[in-house]
Number of protein chains: 2
Amino acid sequence: MGNGTFYGISVGPGDPELLTLKGLRLLQQAPVVAFPAGIGNKTGLAQQTVTPWLAPTQHQLSLHFPYVQDKDKLRQAWKVAADKVWQFLKIGKDVVFACEGDVSFYSTFTYLAQTLLQHHPDVLVESVPGVCSPVAAAAALGLPLTVGKQRLAVLPALYCLSDLEQALTWAETIVLLKISSVYSQVWQILQQYQLLERSWVVERVGLPDRVIYRDLHARPQLQLSYFSLLIVQQELPLSRTGLITDG
Amino acid sequence: MGNGTFYGISVGPGDPELLTLKGLRLLQQAPVVAFPAGIGNKTGLAQQTVTPWLAPTQHQLSLHFPYVQDKDKLRQAWKVAADKVWQFLKIGKDVVFACEGDVSFYSTFTYLAQTLLQHHPDVLVESVPGVCSPVAAAAALGLPLTVGKQRLAVLPALYCLSDLEQALTWAETIVLLKISSVYSQVWQILQQYQLLERSWVVERVGLPDRVIYRDLHARPQLQLSYFSLLIVQQELPLSRTGLITDG
């Protein structure tokens with residue numbers, strides 16, 4: 001009997017209906033469904049997203065990934081998680097790992113899959129793409145993210161705040177991820193560049209309690225959750241609907 | 001009786017299984033399904049993607065968008081297409097427009113929806129996000145697009161070739177879209193920066209005849225189709241699988 005396959009399934013931004021058909025098929029076929037554990041006693045976003053689609057017979061495997069910067073602690077967590085996954089793969093059971101957003105876009109799956117492959121180089125790993133948060137946020141706003149000749153920059157703002165001004169010099173559209181803890185500093189820069197009316201914040205984009213902030217002038221401070229992003233669209237002529245008039 | 005709603009449905013990169021559940025539901029509910037006409041007598045990619053999901057009772061509406069730069073010709077085409085859509089909306093029928101990739105990511109839907117709204121400001125327009133080509137290509141490659149603190153730049157290479165060197169100075173990952181006609185110039189730049197082994201071309205990512213070019217050293221020239229993109233990953237330690245070793 002061969003090993004099981006390890007699937008990274010992109011579950012999208014939180015709405016269970018934003019899974020792909022392929023993601024759903026593989027999710028429902030798998031005997032074991034893994035996901036990142038939530039913080040404290042809370043259910044994590046990926047688990048919350050897939051729960052409506054699971055059968056009671058499927059084994060659920062919660063994996064802990066600490067929210068820390070310490071490389072040794074992270075490596076240790078990835079190894080523990082990879083070992084848990086391997087217990088099933090080695091007896092021929094497929095394991096799907098449900099990822100928030102897209103599996104290739106700032107996802108823990110990358111580290112987990114690589115750790116697994118370091119120790120078990122023959123394991124088959126397959127990724128299923130999905131809806132990443134920038135396109136989900138653009139759709140929620142009724143805005144294009146990009147059109148025509150426009151350039152796009154994506155920055156994890158928490159780490160790359162100093163790059164924002166450079167990005168503003170050459171990309172028409174900038175998406176800032178991990179914005180919550182640096183929002184007020186971002187706001188100062190956007191004010192300086194007179195871009196507050198061309199900036200939008202979307203919080204919990206795929207969830208029923210989604211919040212959109214459309215005019216940032218009066219919002220130098222915002223208490224935002226972890227799942228928040230900010231889109232700056234420098235070029236589009238603004239209209240009533242937020243859509244462009246033409247290229 | 002009110003007007004129908006105009007839905008922009010992201011159908012993903014070509015695999016009918018990469019539609020979202022929401023996209024499929026709205027697609028199958030709509031009396032009218034529009035899509036961009038293919039070139040010549042060929043079926044367009046969006047139409048090809050949704051065809052397996054349509055019922056014979058659904059009206060199919062092929063809309064022509066010329067592949068030209070001329071703004072007047074484009075505006076005229078958008079107006080003709082918007083008028084065709086409006087004929088159904090005004091009698092209360094919903095129309096879905098099937099978009100290749102994601103509806104907010106370099107899509108004709110933006111222009112079509114805006115043209116419609118200019119003439120009929122009360123029309124309801126709703127966008128459903130989907131799988132955009134960069135994440136689909138990353139999944140096909142078994143590569144992360146981005147992890148951790150990395151920055152991402154997306155450039156439509158046909159128009160922004162001169163920006164590539166600047167992008168290489170600050171973004172760890174660069175995605176070049178519309179690469180086919182400028183590939184050999186891009187290759188020269190990647191060679192100069194010794195990035196050929198860190199660059200991948202994916203052609204027709206969601207289709208059965210998908211092609212992946214993993215080592216570009218021996219490929220200064222490539223005949224690529226319109227649906228091709230190139231990913232440069234400057235930072236990741238390369239491994240057997242192409243995945244990173246750790247953060």
# chains A, B, ... in the order shown; residues from 1 in each chain; ligands from 1
>>> select_by_dssp(residues="stretch 76-204 of chain B", states="helix (DSSP H, G or I)", output="count of residues only")
65
>>> residues_around(residues="stretch 222-237 of chain B", least_positions_apart="3", cutoff="6 Å", atoms="only C-alpha atoms", output="MDAnalysis selection string")
chainID B and resid 172:177 179:180 198:204 244
>>> closest_residue(among="B:Gly130, B:Leu63, B:Lys71, B:Val85", to="A:Val11", atoms="only C-alpha atoms")
B:Gly130
>>> select_by_dssp(residues="stretch 32-226 of chain A", states="strand (DSSP E or B)", output="PyMOL selection string")
chain A and resi 32-36+59-63+95-99+101+105+125-128+146+152-156+173-177+199-203+211-213
>>> closest_atom_pairs(of="chain B", to="chain A", cutoff="7 Å", atoms="only C-alpha atoms", output="JSON lines")
{"residue": "B:Glu17", "atom": "CA", "partner": "A:Leu21", "partner_atom": "CA", "distance": 5.1}
{"residue": "B:Leu18", "atom": "CA", "partner": "A:Thr20", "partner_atom": "CA", "distance": 5.2}
{"residue": "B:Leu19", "atom": "CA", "partner": "A:Thr20", "partner_atom": "CA", "distance": 5.3}
{"residue": "B:Thr20", "atom": "CA", "partner": "A:Thr20", "partner_atom": "CA", "distance": 4.0}
{"residue": "B:Leu21", "atom": "CA", "partner": "A:Glu17", "partner_atom": "CA", "distance": 5.1}
{"residue": "B:Lys22", "atom": "CA", "partner": "A:Glu17", "partner_atom": "CA", "distance": 5.1}
{"residue": "B:Ser104", "atom": "CA", "partner": "A:Pro144", "partner_atom": "CA", "distance": 4.2}
{"residue": "B:Phe105", "atom": "CA", "partner": "A:Thr146", "partner_atom": "CA", "distance": 5.3}
{"residue": "B:Tyr106", "atom": "CA", "partner": "A:Val147", "partner_atom": "CA", "distance": 4.2}
{"residue": "B:Ser107", "atom": "CA", "partner": "A:Val147", "partner_atom": "CA", "distance": 6.4}
{"residue": "B:Thr110", "atom": "CA", "partner": "A:Pro144", "partner_atom": "CA", "distance": 6.3}
{"residue": "B:Tyr111", "atom": "CA", "partner": "A:Asp246", "partner_atom": "CA", "distance": 6.0}
{"residue": "B:Gln114", "atom": "CA", "partner": "A:Thr245", "partner_atom": "CA", "distance": 5.9}
{"residue": "B:Ser127", "atom": "CA", "partner": "A:Ala139", "partner_atom": "CA", "distance": 5.1}
{"residue": "B:Val128", "atom": "CA", "partner": "A:Ala139", "partner_atom": "CA", "distance": 6.2}
{"residue": "B:Pro129", "atom": "CA", "partner": "A:Ala136", "partner_atom": "CA", "distance": 5.3}
{"residue": "B:Gly130", "atom": "CA", "partner": "A:Val131", "partner_atom": "CA", "distance": 5.1}
{"residue": "B:Val131", "atom": "CA", "partner": "A:Gly130", "partner_atom": "CA", "distance": 5.1}
{"residue": "B:Val135", "atom": "CA", "partner": "A:Pro129", "partner_atom": "CA", "distance": 6.0}
{"residue": "B:Ala136", "atom": "CA", "partner": "A:Pro129", "partner_atom": "CA", "distance": 5.3}
{"residue": "B:Ala138", "atom": "CA", "partner": "A:Ser104", "partner_atom": "CA", "distance": 6.2}
{"residue": "B:Ala139", "atom": "CA", "partner": "A:Ser127", "partner_atom": "CA", "distance": 5.1}
{"residue": "B:Gly142", "atom": "CA", "partner": "A:Ser127", "partner_atom": "CA", "distance": 6.7}
{"residue": "B:Leu143", "atom": "CA", "partner": "A:Ser104", "partner_atom": "CA", "distance": 6.9}
{"residue": "B:Pro144", "atom": "CA", "partner": "A:Ser104", "partner_atom": "CA", "distance": 4.2}
{"residue": "B:Leu145", "atom": "CA", "partner": "A:Ser104", "partner_atom": "CA", "distance": 5.2}
{"residue": "B:Thr146", "atom": "CA", "partner": "A:Tyr106", "partner_atom": "CA", "distance": 5.3}
{"residue": "B:Val147", "atom": "CA", "partner": "A:Tyr106", "partner_atom": "CA", "distance": 4.2}
{"residue": "B:Gly148", "atom": "CA", "partner": "A:Tyr106", "partner_atom": "CA", "distance": 5.9}
{"residue": "B:Lys149", "atom": "CA", "partner": "A:Tyr159", "partner_atom": "CA", "distance": 6.0}
{"residue": "B:Arg151", "atom": "CA", "partner": "A:Leu155", "partner_atom": "CA", "distance": 5.0}
{"residue": "B:Leu152", "atom": "CA", "partner": "A:Val154", "partner_atom": "CA", "distance": 5.0}
{"residue": "B:Ala153", "atom": "CA", "partner": "A:Ala153", "partner_atom": "CA", "distance": 4.6}
{"residue": "B:Val154", "atom": "CA", "partner": "A:Leu152", "partner_atom": "CA", "distance": 5.0}
{"residue": "B:Leu155", "atom": "CA", "partner": "A:Arg151", "partner_atom": "CA", "distance": 5.0}
{"residue": "B:Pro156", "atom": "CA", "partner": "A:Lys149", "partner_atom": "CA", "distance": 6.1}
{"residue": "B:Tyr159", "atom": "CA", "partner": "A:Lys149", "partner_atom": "CA", "distance": 6.0}
{"residue": "B:Leu243", "atom": "CA", "partner": "A:Gln114", "partner_atom": "CA", "distance": 6.2}
{"residue": "B:Ile244", "atom": "CA", "partner": "A:Gln114", "partner_atom": "CA", "distance": 6.4}
{"residue": "B:Thr245", "atom": "CA", "partner": "A:Gln114", "partner_atom": "CA", "distance": 6.0}
{"residue": "B:Asp246", "atom": "CA", "partner": "A:Tyr111", "partner_atom": "CA", "distance": 6.1}
>>> atom_distance(atom1="atom CA of B:Thr49", atom2="atom CA of B:Pro208")
11.7 Å
>>> closest_residue(among="B:His119, B:Pro66, B:Val50, B:Cys99", to="B:Asp83", atoms="only C-alpha atoms")
B:His119
>>> residues_around(residues="B:Gly4", least_positions_apart="2", cutoff="8 Å", atoms="only C-alpha atoms", output="MDAnalysis selection string")
chainID B and resid 2 6 88:95 123:124
>>> write_last_selection(atoms="N, CA and C atoms", output="PDB file, in the first residue's frame")
ATOM      1  N   GLY B   2     -38.884  44.970 -11.650  1.00  0.00           N
ATOM      2  CA  GLY B   2     -37.591  45.662 -11.642  1.00  0.00           C
ATOM      3  C   GLY B   2     -36.660  45.115 -12.709  1.00  0.00           C
ATOM      4  N   PHE B   6     -26.937  42.339 -12.969  1.00  0.00           N
ATOM      5  CA  PHE B   6     -25.819  41.971 -13.836  1.00  0.00           C
ATOM      6  C   PHE B   6     -24.692  41.410 -12.951  1.00  0.00           C
ATOM      7  N   PHE B  88     -31.879  42.425 -21.914  1.00  0.00           N
ATOM      8  CA  PHE B  88     -32.382  41.405 -20.986  1.00  0.00           C
ATOM      9  C   PHE B  88     -32.656  41.984 -19.593  1.00  0.00           C
ATOM     10  N   LEU B  89     -31.727  42.794 -19.115  1.00  0.00           N
ATOM     11  CA  LEU B  89     -31.901  43.368 -17.769  1.00  0.00           C
ATOM     12  C   LEU B  89     -33.192  44.171 -17.687  1.00  0.00           C
ATOM     13  N   LYS B  90     -33.501  44.912 -18.736  1.00  0.00           N
ATOM     14  CA  LYS B  90     -34.669  45.814 -18.670  1.00  0.00           C
ATOM     15  C   LYS B  90     -35.994  45.064 -18.639  1.00  0.00           C
ATOM     16  N   ILE B  91     -35.988  43.809 -19.059  1.00  0.00           N
ATOM     17  CA  ILE B  91     -37.230  43.022 -18.931  1.00  0.00           C
ATOM     18  C   ILE B  91     -37.169  42.090 -17.703  1.00  0.00           C
ATOM     19  N   GLY B  92     -36.255  42.432 -16.783  1.00  0.00           N
ATOM     20  CA  GLY B  92     -36.232  41.738 -15.493  1.00  0.00           C
ATOM     21  C   GLY B  92     -35.433  40.457 -15.471  1.00  0.00           C
ATOM     22  N   LYS B  93     -34.688  40.188 -16.560  1.00  0.00           N
ATOM     23  CA  LYS B  93     -33.883  38.954 -16.564  1.00  0.00           C
ATOM     24  C   LYS B  93     -32.473  39.227 -16.049  1.00  0.00           C
ATOM     25  N   ASP B  94     -32.019  38.370 -15.171  1.00  0.00           N
ATOM     26  CA  ASP B  94     -30.630  38.469 -14.719  1.00  0.00           C
ATOM     27  C   ASP B  94     -29.698  38.008 -15.837  1.00  0.00           C
ATOM     28  N   VAL B  95     -28.542  38.657 -15.902  1.00  0.00           N
ATOM     29  CA  VAL B  95     -27.510  38.262 -16.861  1.00  0.00           C
ATOM     30  C   VAL B  95     -26.228  37.991 -16.082  1.00  0.00           C
ATOM     31  N   VAL B 123     -28.873  50.065 -12.421  1.00  0.00           N
ATOM     32  CA  VAL B 123     -28.662  48.617 -12.554  1.00  0.00           C
ATOM     33  C   VAL B 123     -27.832  48.091 -11.382  1.00  0.00           C
ATOM     34  N   LEU B 124     -28.239  46.974 -10.846  1.00  0.00           N
ATOM     35  CA  LEU B 124     -27.451  46.332  -9.798  1.00  0.00           C
ATOM     36  C   LEU B 124     -26.372  45.466 -10.448  1.00  0.00           C
TER      37      LEU B 124
END
>>> atom_distance(atom1="atom CA of B:Pro13", atom2="atom CA of B:Ser184")
24.4 Å
>>> atom_distance(atom1="atom CA of A:Phe97", atom2="atom CA of A:Pro52")
15.7 Å
>>> decode(residues="stretch 103-119 of chain B", atoms="all heavy atoms", output="PDB file, in the first residue's frame")
ATOM      1  N   VAL B 103     -12.702  38.381 -11.925  1.00  0.00           N
ATOM      2  CA  VAL B 103     -13.458  39.499 -12.483  1.00  0.00           C
ATOM      3  C   VAL B 103     -12.854  40.877 -12.149  1.00  0.00           C
ATOM      4  O   VAL B 103     -13.104  41.846 -12.863  1.00  0.00           O
ATOM      5  CB  VAL B 103     -14.924  39.371 -11.989  1.00  0.00           C
ATOM      6  CG1 VAL B 103     -15.034  39.713 -10.517  1.00  0.00           C
ATOM      7  CG2 VAL B 103     -15.893  40.154 -12.809  1.00  0.00           C
ATOM      8  N   SER B 104     -12.064  40.951 -11.090  1.00  0.00           N
ATOM      9  CA  SER B 104     -11.459  42.237 -10.698  1.00  0.00           C
ATOM     10  C   SER B 104     -10.016  42.374 -11.166  1.00  0.00           C
ATOM     11  O   SER B 104      -9.368  43.390 -10.910  1.00  0.00           O
ATOM     12  CB  SER B 104     -11.466  42.394  -9.161  1.00  0.00           C
ATOM     13  OG  SER B 104     -12.734  42.159  -8.633  1.00  0.00           O
ATOM     14  N   PHE B 105      -9.513  41.349 -11.813  1.00  0.00           N
ATOM     15  CA  PHE B 105      -8.083  41.266 -12.125  1.00  0.00           C
ATOM     16  C   PHE B 105      -7.900  41.330 -13.647  1.00  0.00           C
ATOM     17  O   PHE B 105      -8.015  40.318 -14.319  1.00  0.00           O
ATOM     18  CB  PHE B 105      -7.571  39.944 -11.536  1.00  0.00           C
ATOM     19  CG  PHE B 105      -6.075  39.770 -11.498  1.00  0.00           C
ATOM     20  CD1 PHE B 105      -5.303  40.465 -10.591  1.00  0.00           C
ATOM     21  CD2 PHE B 105      -5.443  38.894 -12.371  1.00  0.00           C
ATOM     22  CE1 PHE B 105      -3.922  40.281 -10.545  1.00  0.00           C
ATOM     23  CE2 PHE B 105      -4.076  38.710 -12.338  1.00  0.00           C
ATOM     24  CZ  PHE B 105      -3.308  39.404 -11.416  1.00  0.00           C
ATOM     25  N   TYR B 106      -7.695  42.545 -14.162  1.00  0.00           N
ATOM     26  CA  TYR B 106      -7.470  42.769 -15.597  1.00  0.00           C
ATOM     27  C   TYR B 106      -8.600  42.192 -16.456  1.00  0.00           C
ATOM     28  O   TYR B 106      -8.350  41.497 -17.438  1.00  0.00           O
ATOM     29  CB  TYR B 106      -6.131  42.155 -16.035  1.00  0.00           C
ATOM     30  CG  TYR B 106      -4.923  42.695 -15.296  1.00  0.00           C
ATOM     31  CD1 TYR B 106      -4.335  41.971 -14.253  1.00  0.00           C
ATOM     32  CD2 TYR B 106      -4.372  43.933 -15.630  1.00  0.00           C
ATOM     33  CE1 TYR B 106      -3.228  42.469 -13.565  1.00  0.00           C
ATOM     34  CE2 TYR B 106      -3.260  44.431 -14.937  1.00  0.00           C
ATOM     35  CZ  TYR B 106      -2.698  43.690 -13.917  1.00  0.00           C
ATOM     36  OH  TYR B 106      -1.613  44.184 -13.243  1.00  0.00           O
ATOM     37  N   SER B 107      -9.834  42.485 -16.078  1.00  0.00           N
ATOM     38  CA  SER B 107     -10.963  41.875 -16.795  1.00  0.00           C
ATOM     39  C   SER B 107     -11.770  42.888 -17.601  1.00  0.00           C
ATOM     40  O   SER B 107     -11.973  44.032 -17.179  1.00  0.00           O
ATOM     41  CB  SER B 107     -11.879  41.185 -15.790  1.00  0.00           C
ATOM     42  OG  SER B 107     -13.089  40.835 -16.409  1.00  0.00           O
ATOM     43  N   THR B 108     -12.261  42.451 -18.723  1.00  0.00           N
ATOM     44  CA  THR B 108     -13.160  43.237 -19.566  1.00  0.00           C
ATOM     45  C   THR B 108     -14.448  43.576 -18.834  1.00  0.00           C
ATOM     46  O   THR B 108     -15.105  44.574 -19.148  1.00  0.00           O
ATOM     47  CB  THR B 108     -13.517  42.417 -20.827  1.00  0.00           C
ATOM     48  OG1 THR B 108     -12.305  42.058 -21.471  1.00  0.00           O
ATOM     49  CG2 THR B 108     -14.377  43.194 -21.786  1.00  0.00           C
ATOM     50  N   PHE B 109     -14.794  42.770 -17.849  1.00  0.00           N
ATOM     51  CA  PHE B 109     -16.029  43.019 -17.104  1.00  0.00           C
ATOM     52  C   PHE B 109     -16.060  44.435 -16.531  1.00  0.00           C
ATOM     53  O   PHE B 109     -17.117  45.066 -16.478  1.00  0.00           O
ATOM     54  CB  PHE B 109     -16.175  42.000 -15.971  1.00  0.00           C
ATOM     55  CG  PHE B 109     -17.371  42.257 -15.095  1.00  0.00           C
ATOM     56  CD1 PHE B 109     -18.651  41.969 -15.548  1.00  0.00           C
ATOM     57  CD2 PHE B 109     -17.228  42.811 -13.833  1.00  0.00           C
ATOM     58  CE1 PHE B 109     -19.762  42.222 -14.758  1.00  0.00           C
ATOM     59  CE2 PHE B 109     -18.335  43.057 -13.031  1.00  0.00           C
ATOM     60  CZ  PHE B 109     -19.596  42.761 -13.491  1.00  0.00           C
ATOM     61  N   THR B 110     -14.920  44.924 -16.073  1.00  0.00           N
ATOM     62  CA  THR B 110     -14.852  46.269 -15.494  1.00  0.00           C
ATOM     63  C   THR B 110     -15.388  47.308 -16.478  1.00  0.00           C
ATOM     64  O   THR B 110     -16.216  48.156 -16.124  1.00  0.00           O
ATOM     65  CB  THR B 110     -13.389  46.610 -15.135  1.00  0.00           C
ATOM     66  OG1 THR B 110     -12.949  45.691 -14.135  1.00  0.00           O
ATOM     67  CG2 THR B 110     -13.269  48.026 -14.595  1.00  0.00           C
ATOM     68  N   TYR B 111     -14.931  47.258 -17.707  1.00  0.00           N
ATOM     69  CA  TYR B 111     -15.350  48.237 -18.708  1.00  0.00           C
ATOM     70  C   TYR B 111     -16.818  48.055 -19.080  1.00  0.00           C
ATOM     71  O   TYR B 111     -17.564  49.014 -19.248  1.00  0.00           O
ATOM     72  CB  TYR B 111     -14.488  48.102 -19.968  1.00  0.00           C
ATOM     73  CG  TYR B 111     -13.015  48.261 -19.704  1.00  0.00           C
ATOM     74  CD1 TYR B 111     -12.144  47.183 -19.812  1.00  0.00           C
ATOM     75  CD2 TYR B 111     -12.491  49.498 -19.332  1.00  0.00           C
ATOM     76  CE1 TYR B 111     -10.791  47.328 -19.564  1.00  0.00           C
ATOM     77  CE2 TYR B 111     -11.135  49.649 -19.084  1.00  0.00           C
ATOM     78  CZ  TYR B 111     -10.285  48.560 -19.207  1.00  0.00           C
ATOM     79  OH  TYR B 111      -8.952  48.711 -18.958  1.00  0.00           O
ATOM     80  N   LEU B 112     -17.218  46.801 -19.204  1.00  0.00           N
ATOM     81  CA  LEU B 112     -18.595  46.507 -19.581  1.00  0.00           C
ATOM     82  C   LEU B 112     -19.574  46.987 -18.507  1.00  0.00           C
ATOM     83  O   LEU B 112     -20.579  47.655 -18.799  1.00  0.00           O
ATOM     84  CB  LEU B 112     -18.726  44.988 -19.806  1.00  0.00           C
ATOM     85  CG  LEU B 112     -20.098  44.462 -20.172  1.00  0.00           C
ATOM     86  CD1 LEU B 112     -20.644  45.150 -21.419  1.00  0.00           C
ATOM     87  CD2 LEU B 112     -20.044  42.950 -20.380  1.00  0.00           C
ATOM     88  N   ALA B 113     -19.260  46.681 -17.254  1.00  0.00           N
ATOM     89  CA  ALA B 113     -20.140  47.077 -16.149  1.00  0.00           C
ATOM     90  C   ALA B 113     -20.198  48.600 -16.045  1.00  0.00           C
ATOM     91  O   ALA B 113     -21.270  49.180 -15.830  1.00  0.00           O
ATOM     92  CB  ALA B 113     -19.643  46.468 -14.834  1.00  0.00           C
ATOM     93  N   GLN B 114     -19.059  49.249 -16.218  1.00  0.00           N
ATOM     94  CA  GLN B 114     -19.051  50.698 -16.093  1.00  0.00           C
ATOM     95  C   GLN B 114     -19.848  51.355 -17.223  1.00  0.00           C
ATOM     96  O   GLN B 114     -20.586  52.315 -16.995  1.00  0.00           O
ATOM     97  CB  GLN B 114     -17.614  51.216 -16.070  1.00  0.00           C
ATOM     98  CG  GLN B 114     -17.519  52.720 -15.870  1.00  0.00           C
ATOM     99  CD  GLN B 114     -18.132  53.193 -14.566  1.00  0.00           C
ATOM    100  OE1 GLN B 114     -18.325  52.407 -13.637  1.00  0.00           O
ATOM    101  NE2 GLN B 114     -18.471  54.472 -14.490  1.00  0.00           N
ATOM    102  N   THR B 115     -19.721  50.824 -18.428  1.00  0.00           N
ATOM    103  CA  THR B 115     -20.474  51.366 -19.568  1.00  0.00           C
ATOM    104  C   THR B 115     -21.975  51.219 -19.319  1.00  0.00           C
ATOM    105  O   THR B 115     -22.761  52.149 -19.531  1.00  0.00           O
ATOM    106  CB  THR B 115     -20.070  50.633 -20.866  1.00  0.00           C
ATOM    107  OG1 THR B 115     -18.652  50.720 -21.005  1.00  0.00           O
ATOM    108  CG2 THR B 115     -20.739  51.259 -22.076  1.00  0.00           C
ATOM    109  N   LEU B 116     -22.344  50.054 -18.817  1.00  0.00           N
ATOM    110  CA  LEU B 116     -23.749  49.812 -18.493  1.00  0.00           C
ATOM    111  C   LEU B 116     -24.242  50.805 -17.435  1.00  0.00           C
ATOM    112  O   LEU B 116     -25.333  51.382 -17.556  1.00  0.00           O
ATOM    113  CB  LEU B 116     -23.871  48.365 -17.992  1.00  0.00           C
ATOM    114  CG  LEU B 116     -25.254  47.807 -17.775  1.00  0.00           C
ATOM    115  CD1 LEU B 116     -26.003  47.676 -19.094  1.00  0.00           C
ATOM    116  CD2 LEU B 116     -25.155  46.438 -17.118  1.00  0.00           C
ATOM    117  N   LEU B 117     -23.431  51.026 -16.406  1.00  0.00           N
ATOM    118  CA  LEU B 117     -23.831  51.925 -15.315  1.00  0.00           C
ATOM    119  C   LEU B 117     -23.887  53.390 -15.758  1.00  0.00           C
ATOM    120  O   LEU B 117     -24.670  54.167 -15.216  1.00  0.00           O
ATOM    121  CB  LEU B 117     -22.876  51.770 -14.120  1.00  0.00           C
ATOM    122  CG  LEU B 117     -23.067  50.474 -13.325  1.00  0.00           C
ATOM    123  CD1 LEU B 117     -21.880  50.221 -12.415  1.00  0.00           C
ATOM    124  CD2 LEU B 117     -24.360  50.531 -12.509  1.00  0.00           C
ATOM    125  N   GLN B 118     -23.073  53.750 -16.726  1.00  0.00           N
ATOM    126  CA  GLN B 118     -23.129  55.125 -17.239  1.00  0.00           C
ATOM    127  C   GLN B 118     -24.499  55.408 -17.864  1.00  0.00           C
ATOM    128  O   GLN B 118     -25.046  56.486 -17.717  1.00  0.00           O
ATOM    129  CB  GLN B 118     -22.057  55.346 -18.310  1.00  0.00           C
ATOM    130  CG  GLN B 118     -20.696  55.658 -17.738  1.00  0.00           C
ATOM    131  CD  GLN B 118     -19.612  55.614 -18.804  1.00  0.00           C
ATOM    132  OE1 GLN B 118     -19.855  55.200 -19.943  1.00  0.00           O
ATOM    133  NE2 GLN B 118     -18.418  56.031 -18.428  1.00  0.00           N
ATOM    134  N   HIS B 119     -25.011  54.414 -18.567  1.00  0.00           N
ATOM    135  CA  HIS B 119     -26.281  54.605 -19.264  1.00  0.00           C
ATOM    136  C   HIS B 119     -27.501  54.211 -18.434  1.00  0.00           C
ATOM    137  O   HIS B 119     -28.601  54.693 -18.693  1.00  0.00           O
ATOM    138  CB  HIS B 119     -26.270  53.829 -20.596  1.00  0.00           C
ATOM    139  CG  HIS B 119     -25.238  54.373 -21.549  1.00  0.00           C
ATOM    140  ND1 HIS B 119     -23.930  53.934 -21.561  1.00  0.00           N
ATOM    141  CD2 HIS B 119     -25.311  55.367 -22.472  1.00  0.00           C
ATOM    142  CE1 HIS B 119     -23.264  54.615 -22.476  1.00  0.00           C
ATOM    143  NE2 HIS B 119     -24.062  55.491 -23.039  1.00  0.00           N
TER     144      HIS B 119
END
